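Q: Sharing protein-v8.txt here; it has compact mmCIF, C-alpha atoms.
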```
# COMPACT_ATOMS: atom_id res chain seq x y z
CA MET A 1 -9.41 7.37 -18.41
CA LYS A 2 -8.01 10.55 -16.90
CA GLN A 3 -7.63 10.45 -13.12
CA SER A 4 -8.43 13.42 -10.89
CA PRO A 5 -5.49 15.26 -9.23
CA ALA A 6 -6.70 14.03 -5.84
CA THR A 7 -6.65 10.37 -6.93
CA VAL A 8 -3.17 10.73 -8.39
CA LEU A 9 -1.81 12.34 -5.22
CA LEU A 10 -3.42 9.70 -3.01
CA TRP A 11 -1.75 6.89 -4.91
CA VAL A 12 1.60 8.66 -5.22
CA ALA A 13 1.66 9.03 -1.43
CA ARG A 14 0.55 5.45 -0.82
CA VAL A 15 2.89 3.76 -3.28
CA ALA A 16 5.90 5.90 -2.37
CA TRP A 17 5.44 5.44 1.38
CA VAL A 18 4.95 1.68 1.16
CA ALA A 19 7.95 1.44 -1.18
CA LEU A 20 10.17 2.93 1.51
CA ALA A 21 10.12 -0.46 3.25
CA LEU A 22 11.60 -2.10 0.14
CA VAL A 23 14.48 0.32 -0.42
CA PRO A 24 17.75 -0.16 1.50
CA ASN A 25 18.83 3.05 3.23
CA ALA A 26 21.42 4.45 5.62
CA LEU A 27 19.19 3.83 8.65
CA ASP A 28 19.82 0.11 8.14
CA HIS A 29 23.38 0.73 9.33
CA THR A 30 22.41 2.51 12.58
CA SER A 31 21.56 1.08 15.99
CA ALA A 32 18.57 -1.13 16.64
CA VAL A 33 16.90 1.77 18.47
CA PHE A 34 16.84 3.93 15.35
CA VAL A 35 15.84 1.01 13.12
CA GLY A 36 12.93 0.20 15.43
CA ALA A 37 11.82 3.84 15.51
CA ALA A 38 12.01 4.03 11.72
CA TRP A 39 9.77 0.97 11.35
CA ALA A 40 7.29 2.45 13.82
CA VAL A 41 7.14 5.71 11.82
CA TRP A 42 6.68 3.73 8.61
CA ALA A 43 3.85 1.60 10.05
CA LEU A 44 2.00 4.67 11.33
CA GLY A 45 2.50 6.30 7.95
CA VAL A 46 0.96 3.32 6.15
CA LEU A 47 -2.18 3.67 8.25
CA ALA A 48 -2.26 7.41 7.60
CA VAL A 49 -2.01 7.15 3.80
CA VAL A 50 -4.57 4.35 3.57
CA TRP A 51 -7.18 5.75 5.96
CA GLN A 52 -8.82 8.99 4.81
CA SER A 53 -9.82 11.43 7.56
CA PRO A 54 -8.69 14.75 9.06
CA LEU A 55 -6.80 12.80 11.73
CA SER A 56 -4.85 10.76 9.18
CA LEU A 57 -4.08 14.01 7.31
CA THR A 58 -2.50 15.43 10.47
CA ALA A 59 -0.59 12.19 11.01
CA ILE A 60 0.97 11.92 7.55
CA ARG A 61 1.79 15.64 7.42
CA THR A 62 3.65 15.15 10.68
CA LEU A 63 5.40 11.92 9.69
CA ALA A 64 6.38 12.62 6.07
CA PRO A 65 8.88 15.42 6.86
CA LEU A 66 10.26 13.28 9.68
CA GLY A 67 10.81 10.39 7.26
CA ALA A 68 12.47 12.54 4.61
CA GLY A 69 14.65 14.36 7.12
CA GLY A 70 15.63 11.19 8.97
CA LEU A 71 16.72 9.41 5.80
CA ALA A 72 18.70 12.43 4.60
CA VAL A 73 20.51 12.88 7.92
CA ALA A 74 21.28 9.16 8.14
CA LEU A 75 22.85 9.30 4.68
CA ILE A 76 24.96 12.35 5.55
CA PHE A 77 26.40 10.67 8.65
CA HIS A 78 26.77 7.21 7.10
CA ASP A 79 30.41 6.08 7.44
CA ASN A 80 32.17 5.04 4.24
CA PRO A 81 29.08 4.42 2.09
CA THR A 82 29.51 2.59 -1.19
CA ASP A 83 28.13 3.95 -4.45
CA SER A 84 25.30 1.45 -4.13
CA ASP A 85 24.54 2.64 -0.58
CA ILE A 86 24.36 6.24 -1.75
CA ALA A 87 22.15 5.40 -4.73
CA TRP A 88 19.67 3.40 -2.68
CA SER A 89 19.62 5.96 0.13
CA LEU A 90 18.99 8.80 -2.33
CA SER A 91 16.15 6.75 -3.79
CA GLY A 92 14.63 6.46 -0.33
CA VAL A 93 14.98 10.19 0.27
CA ALA A 94 13.33 10.87 -3.11
CA LEU A 95 10.39 8.61 -2.22
CA ALA A 96 9.94 10.33 1.15
CA VAL A 97 10.11 13.77 -0.48
CA ALA A 98 7.48 12.67 -3.03
CA VAL A 99 5.18 11.74 -0.16
CA MET A 100 5.90 14.99 1.68
CA VAL A 101 5.12 17.14 -1.38
CA SER A 102 1.96 15.18 -2.19
CA VAL A 103 0.40 15.35 1.28
CA PHE A 104 0.84 19.11 1.59
CA LEU A 105 -0.99 19.86 -1.66
CA PRO A 106 -4.60 21.15 -1.47
CA TYR A 107 -6.21 18.30 -3.44
CA TYR A 108 -4.76 15.71 -1.06
CA ALA A 109 -6.09 17.57 1.97
CA ALA A 110 -9.51 18.00 0.35
CA VAL A 111 -9.96 14.24 -0.06
CA HIS A 112 -9.17 13.53 3.60
CA ILE A 113 -11.40 16.33 4.83
CA GLN A 114 -14.30 15.33 2.59
CA ALA A 115 -14.06 11.70 3.78
CA SER A 116 -15.66 12.64 7.11
CA ALA A 117 -18.38 14.84 5.60
CA TYR A 118 -22.05 14.21 6.28
CA GLY A 119 -24.67 13.80 3.57
CA ALA A 120 -24.67 16.60 1.01
CA GLU A 121 -21.79 18.50 2.63
CA LYS A 122 -19.01 19.72 0.36
CA ARG A 123 -15.93 20.67 2.35
CA PHE A 124 -13.03 22.86 1.25
CA PRO A 125 -9.87 23.14 3.39
CA LEU A 126 -8.88 26.62 4.52
CA ARG A 127 -5.42 28.06 3.94
CA VAL A 128 -3.05 28.29 6.92
CA PRO A 129 -2.67 31.87 8.20
CA VAL A 130 0.80 33.20 7.39
CA PRO A 131 1.60 34.33 10.97
CA LEU A 132 1.11 30.76 12.23
CA VAL A 133 3.40 28.99 9.75
CA ALA A 134 6.66 29.69 11.63
CA PRO A 135 5.27 28.68 15.06
CA MET A 136 4.03 25.41 13.54
CA ILE A 137 7.47 24.61 12.15
CA VAL A 138 9.21 25.51 15.42
CA ALA A 139 6.80 23.35 17.44
CA TRP A 140 7.28 20.39 15.08
CA ALA A 141 11.09 20.81 15.12
CA THR A 142 11.13 20.98 18.93
CA THR A 143 9.19 17.73 19.17
CA VAL A 144 11.46 16.02 16.65
CA GLY A 145 14.51 17.30 18.52
CA LEU A 146 13.30 15.79 21.78
CA LEU A 147 12.48 12.50 20.04
CA THR A 148 15.92 12.36 18.40
CA GLY A 149 17.66 13.12 21.68
CA SER A 150 15.79 10.31 23.42
CA LEU A 151 16.75 7.85 20.67
CA PHE A 152 20.43 8.82 20.87
CA ALA A 153 20.38 8.42 24.66
CA LEU A 154 18.73 5.01 24.45
CA ALA A 155 21.12 3.90 21.71
CA ALA A 156 24.04 4.87 23.98
CA SER A 157 22.44 2.95 26.89
CA VAL A 158 22.02 6.14 28.94
CA TRP A 159 18.68 4.87 30.15
CA TRP A 160 17.81 7.61 32.63
CA LEU A 161 18.35 10.35 30.06
CA GLY A 162 16.53 8.39 27.37
CA ALA A 163 13.56 7.84 29.67
CA LEU A 164 13.52 11.50 30.69
CA LEU A 165 13.63 12.74 27.08
CA ALA A 166 11.06 10.16 25.97
CA ALA A 167 8.67 11.38 28.67
CA ALA A 168 9.28 14.98 27.57
CA THR A 169 8.65 13.95 23.97
CA LEU A 170 5.31 12.37 24.87
CA GLY A 171 4.22 15.42 26.85
CA VAL A 172 5.24 17.96 24.24
CA SER A 173 3.99 15.91 21.27
CA ARG A 174 0.53 15.60 22.82
CA ILE A 175 0.22 19.38 23.03
CA VAL A 176 1.80 20.02 19.62
CA LEU A 177 -0.25 17.39 17.77
CA GLU A 178 -3.47 18.68 19.33
CA ARG A 179 -2.61 22.19 18.12
CA MET A 180 -1.56 20.97 14.66
CA HIS A 181 -4.72 18.91 14.27
CA ARG A 182 -6.73 22.13 14.40
CA PHE A 183 -5.25 23.04 11.02
CA SER A 184 -6.67 19.84 9.54
CA ARG A 185 -10.12 20.65 10.93
CA ARG A 186 -10.53 24.05 9.26
CA TRP A 187 -12.90 24.07 6.33
CA LEU A 188 -15.54 25.97 4.41
CA VAL A 189 -18.69 23.87 4.06
CA VAL A 190 -21.32 24.21 1.36
CA VAL A 191 -24.66 22.57 2.19
CA PRO A 192 -28.14 22.98 0.71
CA ALA A 193 -29.15 24.99 3.79
CA GLY A 194 -26.32 27.50 3.48
CA VAL A 195 -22.61 28.17 4.00
CA VAL A 196 -20.65 27.11 7.09
CA VAL A 197 -17.24 28.24 8.33
CA HIS A 198 -15.85 25.47 10.55
CA ASP A 199 -12.67 26.90 12.06
CA HIS A 200 -12.01 26.50 15.78
CA LEU A 201 -8.65 28.19 15.32
CA LEU A 202 -10.10 31.55 14.30
CA LEU A 203 -13.72 31.24 15.47
CA ALA A 204 -15.03 30.52 18.96
CA GLU A 205 -18.18 29.07 17.41
CA THR A 206 -18.91 27.54 14.01
CA PHE A 207 -20.60 30.16 11.85
CA MET A 208 -23.42 29.41 9.41
CA ALA A 209 -25.16 31.76 7.01
CA LYS A 210 -28.45 30.43 5.66
CA ALA A 211 -28.73 30.17 1.90
CA THR A 212 -31.61 32.64 1.94
CA ASN A 213 -29.34 35.24 3.57
CA VAL A 214 -26.50 34.95 1.05
CA ALA A 215 -26.71 37.85 -1.40
CA SER A 216 -23.58 37.17 -3.45
CA VAL A 217 -20.31 35.26 -3.48
CA THR A 218 -17.18 36.56 -5.23
CA ILE A 219 -13.54 35.61 -5.51
CA THR A 220 -10.97 38.35 -5.05
CA GLY A 221 -7.40 39.02 -3.98
CA ALA A 222 -8.15 40.71 -0.64
CA PRO A 223 -10.98 40.84 1.93
CA GLY A 224 -11.59 44.54 1.38
CA ASP A 225 -14.30 45.80 3.74
CA ALA A 226 -15.49 42.28 4.57
CA LEU A 227 -14.76 40.72 7.97
CA ASP A 228 -11.38 39.03 7.49
CA LEU A 229 -11.67 35.39 8.60
CA THR A 230 -8.41 34.48 6.82
CA ALA A 231 -6.01 35.81 9.50
CA VAL A 232 -3.64 37.04 6.80
CA ALA A 233 -3.62 34.07 4.44
CA ARG A 234 -2.01 34.47 1.04
CA GLY A 235 -3.84 33.83 -2.21
CA ALA A 236 -7.38 34.28 -3.46
CA VAL A 237 -10.18 34.78 -0.96
CA ILE A 238 -13.91 34.15 -1.13
CA VAL A 239 -16.09 37.06 -0.04
CA VAL A 240 -19.64 36.16 1.03
CA GLN A 241 -22.03 39.11 1.03
CA LEU A 242 -25.09 38.77 3.27
CA ARG A 243 -28.52 40.36 2.96
CA ASP A 244 -28.93 40.85 6.71
CA THR A 245 -26.39 41.37 9.47
CA GLU A 246 -25.09 38.26 11.24
CA ASP A 247 -23.12 37.87 14.49
CA VAL A 248 -19.75 36.12 14.16
CA THR A 249 -18.00 34.98 17.35
CA LEU A 250 -14.23 35.19 16.94
CA SER A 251 -11.52 33.32 18.81
CA PRO A 252 -9.39 35.45 21.17
CA TYR A 253 -6.50 35.11 18.71
CA LEU A 254 -8.40 36.53 15.72
CA ALA A 255 -10.13 39.20 17.78
CA LYS A 256 -6.74 40.42 18.99
CA LEU A 257 -5.25 40.20 15.49
CA LEU A 258 -8.07 42.29 14.01
CA GLY A 259 -8.32 44.60 17.01
CA VAL A 260 -12.07 44.04 17.43
CA ALA A 261 -14.49 42.62 19.99
CA ASP A 262 -15.06 38.88 20.28
CA VAL A 263 -18.49 39.21 18.65
CA VAL A 264 -18.66 41.12 15.38
CA HIS A 265 -21.80 42.19 13.52
CA THR A 266 -21.18 41.91 9.80
CA ARG A 267 -22.88 41.76 6.42
CA ALA A 268 -19.85 40.33 4.61
CA TYR A 269 -16.98 38.03 5.48
CA ALA A 270 -13.93 36.65 3.70
CA VAL A 271 -12.42 33.15 3.90
CA ALA A 272 -9.42 31.62 2.13
CA PRO A 273 -10.07 28.06 0.88
CA THR A 274 -7.07 26.43 -0.74
CA LEU A 275 -9.21 25.43 -3.73
CA ALA A 276 -10.86 28.82 -4.18
CA ALA A 277 -12.14 28.28 -7.73
CA GLN A 278 -13.80 24.98 -6.80
CA ALA A 279 -15.31 26.54 -3.69
CA LEU A 280 -16.71 29.43 -5.73
CA ALA A 281 -18.23 26.98 -8.22
CA ALA A 282 -19.94 25.04 -5.41
CA LEU A 283 -21.20 28.22 -3.78
CA THR A 284 -22.66 29.64 -6.96
CA ARG A 285 -24.05 26.40 -8.41
CA PRO A 286 -27.84 26.54 -8.84
CA PRO A 287 -29.77 24.25 -6.45
CA ALA A 288 -30.72 20.85 -7.82
CA ALA A 289 -34.21 20.56 -9.27
CA THR A 290 -36.72 18.68 -7.15
```
Kindly return the structure encoded in the file as structure tokens.
A:
Amino acid sequence: MKQSPATVLLWVARVAWVALALVPNALDHTSAVFVGAAWAVWALGVLAVVWQSPLSLTAIRTLAPLGAGGLAVALIFHDNPTDSDIAWSLSGVALAVAVMVSVFLPYYAAVHIQASAYGAEKRFPLRVPVPLVAPMIVAWATTVGLLTGSLFALAASVWWLGALLAAATLGVSRIVLERMHRFSRRWLVVVPAGVVVHDHLLLAETFMAKATNVASVTITGAPGDALDLTAVARGAVIVVQLRDTEDVTLSPYLAKLLGVADVVHTRAYAVAPTLAAQALAALTRPPAAT
């Protein structure tokens, strides 16, 4: 029986992440501080790949690059590794990379987002706006840098510096993770009553167009004259044409980006779901017979 792409990705991520605990790696030759931190990251990752929700999606997308990067750096700085050490460490890096690739694919995100849906909701994750990719990476790297610095300080028994950097890590990570979690809570929702854009990053209020007010839905390469709710996202976009004008309340960020007022009156809007073809199929599917 052929498995869906989402099921395959879920199990690739789960098996590969759990297998990391069974593979010897260069971190085993570091201080107890780094070993303890590695086990903590692994345990949190196990919870994230097993539990399906937007929160666990944010968690594993934060932890997977940390795991892959940490194993690779540990291998690079491993003193006098044997051929066996290198082979096992490369295997661990490969497993972590497999997890990292899997969790950033659209089908994987769709499963986690759909897990918290209500009733007849069908949710489709929205693509990350291009202008926000670099700030996300910088914020993540800054947090990881502070965490790494605190671990080095603690490993060297410089307790005051370790405590200071650990406190900074907690403070910064709370802000960064809250911001990053917004990207896991952006979705286009298809319900019997209509179409919903749930995106607190680009909208100040969730926007819903009733099914009776939807004139047409098309897939295209650019928003055209429609209100651009993609914030410059690459790839195919879904354009929803309305029969009557609706008010859309934008976030300050999107209003500034588009150069418009916070509230826009529109008869068409464009969104960028990662699974555009599947979203179009759900939007244009005839209602079930009663």
Q: Please check which residues have atoms at most 12 Å from (2.7, 3.9, 8.5) in the file's coordinates, counting only C-alpha atoms, and write them as a PyMOL selection string.
A: chain A and resi 13-21+37-51+56+59-64+67+99
Q: Find the residue from A:Ala204, A:Lys256, A:Tyr108, A:Leu27 that sits nearest to Gly69 in chain A; use only C-alpha atoms when measuring.
A: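 Answer, going by the shortest atom-to-atom distance: A:Leu27.
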Q: Quick one: pull the distance between CA of Phe34 in chain A and CA of Gly149 in chain A, Å, one decimal.
A: 11.2 Å
Q: Neighbouring residues of Pro273 in chain A were defined as those with any atom within 10 Å, considering all atoms listed in the file; residues of the same chain fewer than 4 positions away were excluded. Please report them as a list in words.
A: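 So the residues in contact are Pro106, Arg123, Phe124, Pro125, Leu126, Arg127, Val128, Arg186, Trp187, Leu188, Thr230, Ala233, Gly235, Ala236, Val237, Ile238, Ala277, Gln278, Ala279 and Leu280 of chain A.
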Q: Which residues come within 12 Å of Gly171 in chain A, counting only C-alpha atoms, excluding same-chain residues fewer than 5 positions away, as a PyMOL selection string?
A: chain A and resi 142-143+146-147+164-166+176-178
Q: What gap, in Å, lies between CA of Val195 in chain A and CA of Glu246 in chain A?
A: 12.7 Å
Q: What's around Thr58 in chain A at 10 Å? Count only C-alpha atoms, leave out sequence neighbours fewer than 5 positions away in its own chain, and write the answer as a PyMOL selection string.
A: chain A and resi 48+53+63+103+109+112+177-178+180-185
Q: With N, CA and C atoms as the target, complete range 46-62 of chain A and hand it back as a PDB file, in the frame of the given file.
A:
```
ATOM      1  N   VAL A  46       1.798   4.176   7.001  1.00  0.00           N
ATOM      2  CA  VAL A  46       0.960   3.320   6.150  1.00  0.00           C
ATOM      3  C   VAL A  46      -0.514   3.482   6.527  1.00  0.00           C
ATOM      4  N   LEU A  47      -0.796   3.466   7.812  1.00  0.00           N
ATOM      5  CA  LEU A  47      -2.180   3.670   8.250  1.00  0.00           C
ATOM      6  C   LEU A  47      -2.704   5.032   7.821  1.00  0.00           C
ATOM      7  N   ALA A  48      -1.839   6.047   7.911  1.00  0.00           N
ATOM      8  CA  ALA A  48      -2.260   7.410   7.600  1.00  0.00           C
ATOM      9  C   ALA A  48      -2.550   7.606   6.111  1.00  0.00           C
ATOM     10  N   VAL A  49      -1.774   6.955   5.227  1.00  0.00           N
ATOM     11  CA  VAL A  49      -2.010   7.150   3.800  1.00  0.00           C
ATOM     12  C   VAL A  49      -3.154   6.283   3.272  1.00  0.00           C
ATOM     13  N   VAL A  50      -3.474   5.221   3.996  1.00  0.00           N
ATOM     14  CA  VAL A  50      -4.570   4.350   3.570  1.00  0.00           C
ATOM     15  C   VAL A  50      -5.917   4.852   4.078  1.00  0.00           C
ATOM     16  N   TRP A  51      -5.944   5.281   5.320  1.00  0.00           N
ATOM     17  CA  TRP A  51      -7.180   5.750   5.960  1.00  0.00           C
ATOM     18  C   TRP A  51      -7.374   7.229   5.664  1.00  0.00           C
ATOM     19  N   GLN A  52      -8.538   7.598   5.155  1.00  0.00           N
ATOM     20  CA  GLN A  52      -8.820   8.990   4.810  1.00  0.00           C
ATOM     21  C   GLN A  52      -9.675   9.645   5.892  1.00  0.00           C
ATOM     22  N   SER A  53      -9.112  10.663   6.538  1.00  0.00           N
ATOM     23  CA  SER A  53      -9.820  11.430   7.560  1.00  0.00           C
ATOM     24  C   SER A  53      -8.955  12.630   7.927  1.00  0.00           C
ATOM     25  N   PRO A  54      -9.515  13.638   8.596  1.00  0.00           N
ATOM     26  CA  PRO A  54      -8.690  14.750   9.060  1.00  0.00           C
ATOM     27  C   PRO A  54      -7.558  14.308   9.989  1.00  0.00           C
ATOM     28  N   LEU A  55      -7.832  13.285  10.817  1.00  0.00           N
ATOM     29  CA  LEU A  55      -6.800  12.800  11.730  1.00  0.00           C
ATOM     30  C   LEU A  55      -5.639  12.177  10.980  1.00  0.00           C
ATOM     31  N   SER A  56      -5.929  11.373   9.961  1.00  0.00           N
ATOM     32  CA  SER A  56      -4.850  10.760   9.180  1.00  0.00           C
ATOM     33  C   SER A  56      -4.090  11.818   8.379  1.00  0.00           C
ATOM     34  N   LEU A  57      -4.767  12.900   8.003  1.00  0.00           N
ATOM     35  CA  LEU A  57      -4.080  14.010   7.310  1.00  0.00           C
ATOM     36  C   LEU A  57      -3.055  14.639   8.245  1.00  0.00           C
ATOM     37  N   THR A  58      -3.449  14.885   9.487  1.00  0.00           N
ATOM     38  CA  THR A  58      -2.500  15.430  10.470  1.00  0.00           C
ATOM     39  C   THR A  58      -1.330  14.475  10.668  1.00  0.00           C
ATOM     40  N   ALA A  59      -1.631  13.182  10.751  1.00  0.00           N
ATOM     41  CA  ALA A  59      -0.590  12.190  11.010  1.00  0.00           C
ATOM     42  C   ALA A  59       0.448  12.149   9.888  1.00  0.00           C
ATOM     43  N   ILE A  60      -0.008  12.057   8.638  1.00  0.00           N
ATOM     44  CA  ILE A  60       0.970  11.920   7.550  1.00  0.00           C
ATOM     45  C   ILE A  60       1.708  13.227   7.310  1.00  0.00           C
ATOM     46  N   ARG A  61       1.074  14.365   7.568  1.00  0.00           N
ATOM     47  CA  ARG A  61       1.790  15.640   7.420  1.00  0.00           C
ATOM     48  C   ARG A  61       2.812  15.838   8.526  1.00  0.00           C
ATOM     49  N   THR A  62       2.652  15.126   9.614  1.00  0.00           N
ATOM     50  CA  THR A  62       3.650  15.150  10.680  1.00  0.00           C
ATOM     51  C   THR A  62       4.775  14.161  10.410  1.00  0.00           C
TER      52      THR A  62
END
```
